[in-house]
file upload.tsv (TSV, C-alpha atoms)
chain	number	residue	atom	x	y	z
A	1	GLN	CA	0.00	0.00	0.00
A	2	VAL	CA	1.04	3.55	-0.76
A	3	GLN	CA	-0.62	6.49	0.95
A	4	LEU	CA	-0.57	9.79	-0.91
A	5	VAL	CA	-1.41	13.19	0.57
A	6	GLU	CA	-1.57	16.34	-1.53
A	7	SER	CA	-1.01	19.86	-0.22
A	8	GLY	CA	-0.35	23.35	-1.46
A	9	GLY	CA	-3.62	24.17	-3.14
A	10	GLY	CA	-5.35	27.50	-2.66
A	11	LEU	CA	-6.62	30.66	-4.30
A	12	VAL	CA	-4.37	32.58	-6.67
A	13	GLN	CA	-4.86	35.30	-9.25
A	14	ALA	CA	-4.40	34.62	-12.93
A	15	GLY	CA	-0.73	34.85	-13.85
A	16	GLY	CA	0.34	33.74	-10.41
A	17	SER	CA	2.10	30.61	-9.19
A	18	LEU	CA	1.49	27.74	-6.83
A	19	ARG	CA	3.52	24.72	-5.81
A	20	LEU	CA	1.73	21.51	-5.04
A	21	SER	CA	3.29	18.71	-3.02
A	22	CYS	CA	2.43	15.04	-2.76
A	23	ALA	CA	3.82	13.21	0.26
A	24	ALA	CA	4.00	9.43	0.00
A	25	SER	CA	4.26	6.78	2.69
A	26	GLY	CA	4.16	3.03	2.68
A	27	ARG	CA	5.92	1.06	-0.02
A	28	THR	CA	9.12	2.23	-1.71
A	29	PHE	CA	8.38	5.60	-3.26
A	30	SER	CA	11.12	5.26	-5.85
A	31	GLY	CA	9.48	2.11	-7.19
A	32	TYR	CA	6.62	4.08	-8.72
A	33	ALA	CA	6.18	6.52	-11.53
A	34	MET	CA	4.23	9.47	-10.17
A	35	GLY	CA	1.76	11.80	-11.76
A	36	TRP	CA	-0.76	14.59	-11.36
A	37	PHE	CA	-4.32	14.55	-12.62
A	38	ARG	CA	-7.00	17.20	-12.24
A	39	GLN	CA	-10.75	17.51	-12.40
A	40	ALA	CA	-12.57	20.74	-13.02
A	41	SER	CA	-16.20	21.13	-12.05
A	42	GLY	CA	-18.42	19.36	-14.54
A	43	LYS	CA	-15.51	17.87	-16.45
A	44	GLU	CA	-13.75	14.52	-16.55
A	45	ARG	CA	-10.57	13.87	-14.62
A	46	GLU	CA	-7.61	14.53	-16.91
A	47	PHE	CA	-3.89	13.88	-17.01
A	48	VAL	CA	-1.61	16.81	-16.18
A	49	ALA	CA	1.97	15.56	-15.79
A	50	ALA	CA	4.05	12.53	-14.88
A	51	VAL	CA	7.59	11.84	-13.71
A	52	SER	CA	9.60	8.64	-13.90
A	53	ARG	CA	10.89	6.67	-10.92
A	54	SER	CA	14.29	8.37	-11.02
A	55	GLY	CA	12.92	11.77	-11.97
A	56	SER	CA	14.90	11.84	-15.19
A	57	SER	CA	11.90	11.62	-17.54
A	58	THR	CA	8.73	13.69	-17.56
A	59	ASN	CA	5.56	13.95	-19.62
A	60	TYR	CA	3.05	16.80	-19.78
A	61	ALA	CA	-0.39	17.49	-21.14
A	62	ASP	CA	-0.27	20.01	-23.97
A	63	SER	CA	-2.39	22.42	-21.95
A	64	VAL	CA	0.30	22.85	-19.27
A	65	LYS	CA	3.54	22.49	-21.23
A	66	GLY	CA	5.88	25.37	-20.61
A	67	ARG	CA	3.95	26.50	-17.53
A	68	PHE	CA	4.02	23.53	-15.15
A	69	THR	CA	7.05	21.57	-13.93
A	70	ILE	CA	6.83	18.20	-12.25
A	71	SER	CA	9.64	16.90	-10.06
A	72	ARG	CA	10.30	14.48	-7.24
A	73	ASP	CA	12.64	14.03	-4.31
A	74	ASN	CA	12.99	10.33	-3.57
A	75	ALA	CA	14.96	11.04	-0.38
A	76	LYS	CA	11.93	12.93	0.95
A	77	ASN	CA	9.28	10.65	-0.59
A	78	THR	CA	7.70	13.72	-2.13
A	79	MET	CA	6.58	14.82	-5.57
A	80	TYR	CA	5.99	18.41	-6.62
A	81	LEU	CA	4.11	20.36	-9.26
A	82	GLN	CA	5.31	23.90	-9.81
A	83	MET	CA	2.54	25.80	-11.56
A	84	ASN	CA	3.37	29.15	-13.15
A	85	SER	CA	1.39	31.54	-15.33
A	86	LEU	CA	-1.82	30.10	-13.97
A	87	LYS	CA	-5.04	30.58	-15.89
A	88	PRO	CA	-8.66	30.44	-14.71
A	89	GLU	CA	-9.06	27.22	-16.73
A	90	ASP	CA	-6.46	25.59	-14.44
A	91	THR	CA	-9.03	25.74	-11.64
A	92	ALA	CA	-9.61	22.16	-10.51
A	93	VAL	CA	-9.03	19.60	-7.82
A	94	TYR	CA	-5.53	18.22	-8.34
A	95	TYR	CA	-4.80	14.61	-7.50
A	96	CYS	CA	-1.48	12.83	-7.28
A	97	ALA	CA	-1.15	9.23	-8.34
A	98	ALA	CA	1.38	6.43	-8.28
A	99	ASP	CA	1.73	3.54	-10.68
A	100	GLN	CA	4.22	0.82	-11.55
A	101	THR	CA	4.29	1.77	-15.20
A	102	PHE	CA	6.45	3.79	-17.51
A	103	VAL	CA	5.98	7.53	-17.34
A	104	GLN	CA	4.84	7.63	-20.95
A	105	ASN	CA	1.93	5.32	-20.13
A	106	MET	CA	0.32	7.30	-17.33
A	107	ALA	CA	-1.68	9.61	-19.60
A	108	ARG	CA	-2.98	6.65	-21.63
A	109	LYS	CA	-3.91	4.60	-18.56
A	110	GLY	CA	-5.80	7.49	-17.00
A	111	PHE	CA	-6.49	8.25	-13.38
A	112	TYR	CA	-8.50	5.14	-12.57
A	113	GLY	CA	-5.80	2.97	-14.10
A	114	MET	CA	-3.31	4.09	-11.46
A	115	ASP	CA	-2.31	1.84	-8.57
A	116	TYR	CA	-2.80	4.51	-5.91
A	117	TRP	CA	-4.12	8.06	-5.64
A	118	GLY	CA	-4.68	10.77	-3.08
A	119	LYS	CA	-7.80	12.69	-2.09
A	120	GLY	CA	-6.88	15.86	-3.93
A	121	THR	CA	-6.19	19.53	-3.26
A	122	LEU	CA	-8.24	22.39	-4.68
A	123	VAL	CA	-6.62	25.03	-6.87
A	124	THR	CA	-8.69	28.09	-7.71
A	125	VAL	CA	-7.42	30.67	-10.18
A	126	SER	CA	-9.33	33.93	-10.24
A	127	SER	CA	-9.49	36.16	-13.30

call {"tool": "encode", "arguments": {"input": "upload.tsv", "output": "structure tokens"}}
result
Amino acid sequence: QVQLVESGGGLVQAGGSLRLSCAASGRTFSGYAMGWFRQASGKEREFVAAVSRSGSSTNYADSVKGRFTISRDNAKNTMYLQMNSLKPEDTAVYYCAADQTFVQNMARKGFYGMDYWGKGTLVTVSS
């Protein structure tokens, strides 16, 4: 079992920045690719970004490329999502997820294909 807890969400103005964290406990953190998904009100849960077990490879949704940066610190069992140039359409509940797959597969598998996920943290971007 892997327990995942997100933090760092909040209210920010458009153009601002936030940094989300995902703290993991349980099984070996470095044994899992990690990712972020989000769900806006009335929309389906969608892939945002993923990072490989070592942190050397990443993958991003087109909608966040160039604005968001995913990273991880295996010594701290923590994953991060640095979000810059935020837009109102980034408003959503953000979920972290862990899966024993390759980073390139996380978007295709989707949120419910992940091995573990957290309860989410709300990000609200005001215009």

call {"tool": "atom_distance", "arguments": {"input": "upload.tsv", "atom1": "atom CA of A:Leu122", "atom2": "atom CA of A:Ser56"}}
result
27.5 Å

call {"tool": "residues_around", "arguments": {"input": "upload.tsv", "residues": "A:Ala92", "least_positions_apart": "6", "cutoff": "8 Å", "atoms": "all atoms listed in the file", "output": "PyMOL selection string"}}
result
chain A and resi 38-41+122-124

call {"tool": "closest_residue", "arguments": {"input": "upload.tsv", "among": "A:Val48, A:Val125, A:Met106, A:Ala97", "to": "A:Met79", "atoms": "all atoms listed in the file"}}
result
A:Ala97

call {"tool": "closest_residue", "arguments": {"input": "upload.tsv", "among": "A:Arg72, A:Thr121, A:Cys22, A:Gly15", "to": "A:Lys87", "atoms": "only C-alpha atoms"}}
result
A:Gly15

call {"tool": "closest_residue", "arguments": {"input": "upload.tsv", "among": "A:Gly55, A:Gly16, A:Gly42, A:Gly10", "to": "A:Phe29", "atoms": "only C-alpha atoms"}}
result
A:Gly55

call {"tool": "decode", "arguments": {"input": "upload.tsv", "residues": "stretch 79-110 of chain A", "atoms": "N, CA and C atoms", "output": "PDB file, in the first residue's frame"}}
result
ATOM      1  N   MET A  79       6.654  14.364  -4.194  1.00  0.00           N
ATOM      2  CA  MET A  79       6.583  14.820  -5.573  1.00  0.00           C
ATOM      3  C   MET A  79       6.028  16.241  -5.557  1.00  0.00           C
ATOM      4  N   TYR A  80       6.401  17.010  -6.566  1.00  0.00           N
ATOM      5  CA  TYR A  80       5.990  18.406  -6.622  1.00  0.00           C
ATOM      6  C   TYR A  80       5.397  18.736  -7.995  1.00  0.00           C
ATOM      7  N   LEU A  81       4.578  19.782  -8.000  1.00  0.00           N
ATOM      8  CA  LEU A  81       4.113  20.357  -9.255  1.00  0.00           C
ATOM      9  C   LEU A  81       4.199  21.871  -9.115  1.00  0.00           C
ATOM     10  N   GLN A  82       5.172  22.451  -9.785  1.00  0.00           N
ATOM     11  CA  GLN A  82       5.314  23.900  -9.808  1.00  0.00           C
ATOM     12  C   GLN A  82       4.445  24.442 -10.938  1.00  0.00           C
ATOM     13  N   MET A  83       3.493  25.274 -10.590  1.00  0.00           N
ATOM     14  CA  MET A  83       2.544  25.803 -11.564  1.00  0.00           C
ATOM     15  C   MET A  83       2.740  27.306 -11.697  1.00  0.00           C
ATOM     16  N   ASN A  84       3.149  27.735 -12.871  1.00  0.00           N
ATOM     17  CA  ASN A  84       3.368  29.150 -13.152  1.00  0.00           C
ATOM     18  C   ASN A  84       2.391  29.633 -14.214  1.00  0.00           C
ATOM     19  N   SER A  85       2.261  30.933 -14.323  1.00  0.00           N
ATOM     20  CA  SER A  85       1.385  31.540 -15.334  1.00  0.00           C
ATOM     21  C   SER A  85       0.003  30.903 -15.298  1.00  0.00           C
ATOM     22  N   LEU A  86      -0.538  30.792 -14.125  1.00  0.00           N
ATOM     23  CA  LEU A  86      -1.824  30.103 -13.969  1.00  0.00           C
ATOM     24  C   LEU A  86      -2.948  30.849 -14.659  1.00  0.00           C
ATOM     25  N   LYS A  87      -3.881  30.058 -15.176  1.00  0.00           N
ATOM     26  CA  LYS A  87      -5.037  30.581 -15.890  1.00  0.00           C
ATOM     27  C   LYS A  87      -6.311  30.137 -15.166  1.00  0.00           C
ATOM     28  N   PRO A  88      -7.404  30.868 -15.338  1.00  0.00           N
ATOM     29  CA  PRO A  88      -8.658  30.437 -14.714  1.00  0.00           C
ATOM     30  C   PRO A  88      -9.044  29.003 -15.096  1.00  0.00           C
ATOM     31  N   GLU A  89      -8.711  28.584 -16.297  1.00  0.00           N
ATOM     32  CA  GLU A  89      -9.056  27.224 -16.726  1.00  0.00           C
ATOM     33  C   GLU A  89      -8.208  26.164 -16.042  1.00  0.00           C
ATOM     34  N   ASP A  90      -7.215  26.556 -15.255  1.00  0.00           N
ATOM     35  CA  ASP A  90      -6.463  25.594 -14.442  1.00  0.00           C
ATOM     36  C   ASP A  90      -7.175  25.285 -13.133  1.00  0.00           C
ATOM     37  N   THR A  91      -8.254  25.991 -12.854  1.00  0.00           N
ATOM     38  CA  THR A  91      -9.025  25.737 -11.637  1.00  0.00           C
ATOM     39  C   THR A  91      -9.554  24.308 -11.638  1.00  0.00           C
ATOM     40  N   ALA A  92      -9.223  23.569 -10.585  1.00  0.00           N
ATOM     41  CA  ALA A  92      -9.605  22.158 -10.511  1.00  0.00           C
ATOM     42  C   ALA A  92      -9.141  21.587  -9.179  1.00  0.00           C
ATOM     43  N   VAL A  93      -9.611  20.398  -8.897  1.00  0.00           N
ATOM     44  CA  VAL A  93      -9.030  19.601  -7.816  1.00  0.00           C
ATOM     45  C   VAL A  93      -7.886  18.801  -8.440  1.00  0.00           C
ATOM     46  N   TYR A  94      -6.718  18.907  -7.835  1.00  0.00           N
ATOM     47  CA  TYR A  94      -5.528  18.224  -8.338  1.00  0.00           C
ATOM     48  C   TYR A  94      -5.241  17.000  -7.483  1.00  0.00           C
ATOM     49  N   TYR A  95      -5.039  15.877  -8.162  1.00  0.00           N
ATOM     50  CA  TYR A  95      -4.798  14.606  -7.502  1.00  0.00           C
ATOM     51  C   TYR A  95      -3.417  14.086  -7.883  1.00  0.00           C
ATOM     52  N   CYS A  96      -2.707  13.531  -6.921  1.00  0.00           N
ATOM     53  CA  CYS A  96      -1.476  12.831  -7.276  1.00  0.00           C
ATOM     54  C   CYS A  96      -1.763  11.339  -7.337  1.00  0.00           C
ATOM     55  N   ALA A  97      -0.960  10.650  -8.108  1.00  0.00           N
ATOM     56  CA  ALA A  97      -1.155   9.228  -8.336  1.00  0.00           C
ATOM     57  C   ALA A  97       0.184   8.538  -8.483  1.00  0.00           C
ATOM     58  N   ALA A  98       0.177   7.249  -8.164  1.00  0.00           N
ATOM     59  CA  ALA A  98       1.384   6.432  -8.279  1.00  0.00           C
ATOM     60  C   ALA A  98       1.056   5.166  -9.050  1.00  0.00           C
ATOM     61  N   ASP A  99       1.980   4.743  -9.879  1.00  0.00           N
ATOM     62  CA  ASP A  99       1.727   3.538 -10.678  1.00  0.00           C
ATOM     63  C   ASP A  99       3.037   2.880 -11.061  1.00  0.00           C
ATOM     64  N   GLN A 100       3.026   1.557 -11.133  1.00  0.00           N
ATOM     65  CA  GLN A 100       4.218   0.819 -11.547  1.00  0.00           C
ATOM     66  C   GLN A 100       4.208   0.654 -13.068  1.00  0.00           C
ATOM     67  N   THR A 101       4.287   1.777 -13.750  1.00  0.00           N
ATOM     68  CA  THR A 101       4.288   1.766 -15.199  1.00  0.00           C
ATOM     69  C   THR A 101       5.358   2.744 -15.680  1.00  0.00           C
ATOM     70  N   PHE A 102       5.524   2.800 -16.973  1.00  0.00           N
ATOM     71  CA  PHE A 102       6.446   3.787 -17.507  1.00  0.00           C
ATOM     72  C   PHE A 102       5.756   5.149 -17.560  1.00  0.00           C
ATOM     73  N   VAL A 103       6.544   6.194 -17.405  1.00  0.00           N
ATOM     74  CA  VAL A 103       5.982   7.531 -17.338  1.00  0.00           C
ATOM     75  C   VAL A 103       5.159   7.855 -18.587  1.00  0.00           C
ATOM     76  N   GLN A 104       5.568   7.325 -19.720  1.00  0.00           N
ATOM     77  CA  GLN A 104       4.838   7.626 -20.951  1.00  0.00           C
ATOM     78  C   GLN A 104       3.448   7.005 -20.972  1.00  0.00           C
ATOM     79  N   ASN A 105       3.207   6.030 -20.127  1.00  0.00           N
ATOM     80  CA  ASN A 105       1.926   5.316 -20.132  1.00  0.00           C
ATOM     81  C   ASN A 105       0.872   5.922 -19.210  1.00  0.00           C
ATOM     82  N   MET A 106       1.265   6.829 -18.352  1.00  0.00           N
ATOM     83  CA  MET A 106       0.324   7.297 -17.332  1.00  0.00           C
ATOM     84  C   MET A 106      -0.843   8.053 -17.962  1.00  0.00           C
ATOM     85  N   ALA A 107      -0.588   8.877 -18.951  1.00  0.00           N
ATOM     86  CA  ALA A 107      -1.682   9.610 -19.601  1.00  0.00           C
ATOM     87  C   ALA A 107      -2.650   8.637 -20.258  1.00  0.00           C
ATOM     88  N   ARG A 108      -2.121   7.622 -20.932  1.00  0.00           N
ATOM     89  CA  ARG A 108      -2.975   6.649 -21.633  1.00  0.00           C
ATOM     90  C   ARG A 108      -3.794   5.810 -20.646  1.00  0.00           C
ATOM     91  N   LYS A 109      -3.195   5.416 -19.553  1.00  0.00           N
ATOM     92  CA  LYS A 109      -3.913   4.600 -18.562  1.00  0.00           C
ATOM     93  C   LYS A 109      -5.011   5.391 -17.869  1.00  0.00           C
ATOM     94  N   GLY A 110      -4.790   6.661 -17.656  1.00  0.00           N
ATOM     95  CA  GLY A 110      -5.799   7.486 -16.998  1.00  0.00           C
ATOM     96  C   GLY A 110      -5.798   7.319 -15.493  1.00  0.00           C
TER      97      GLY A 110
END
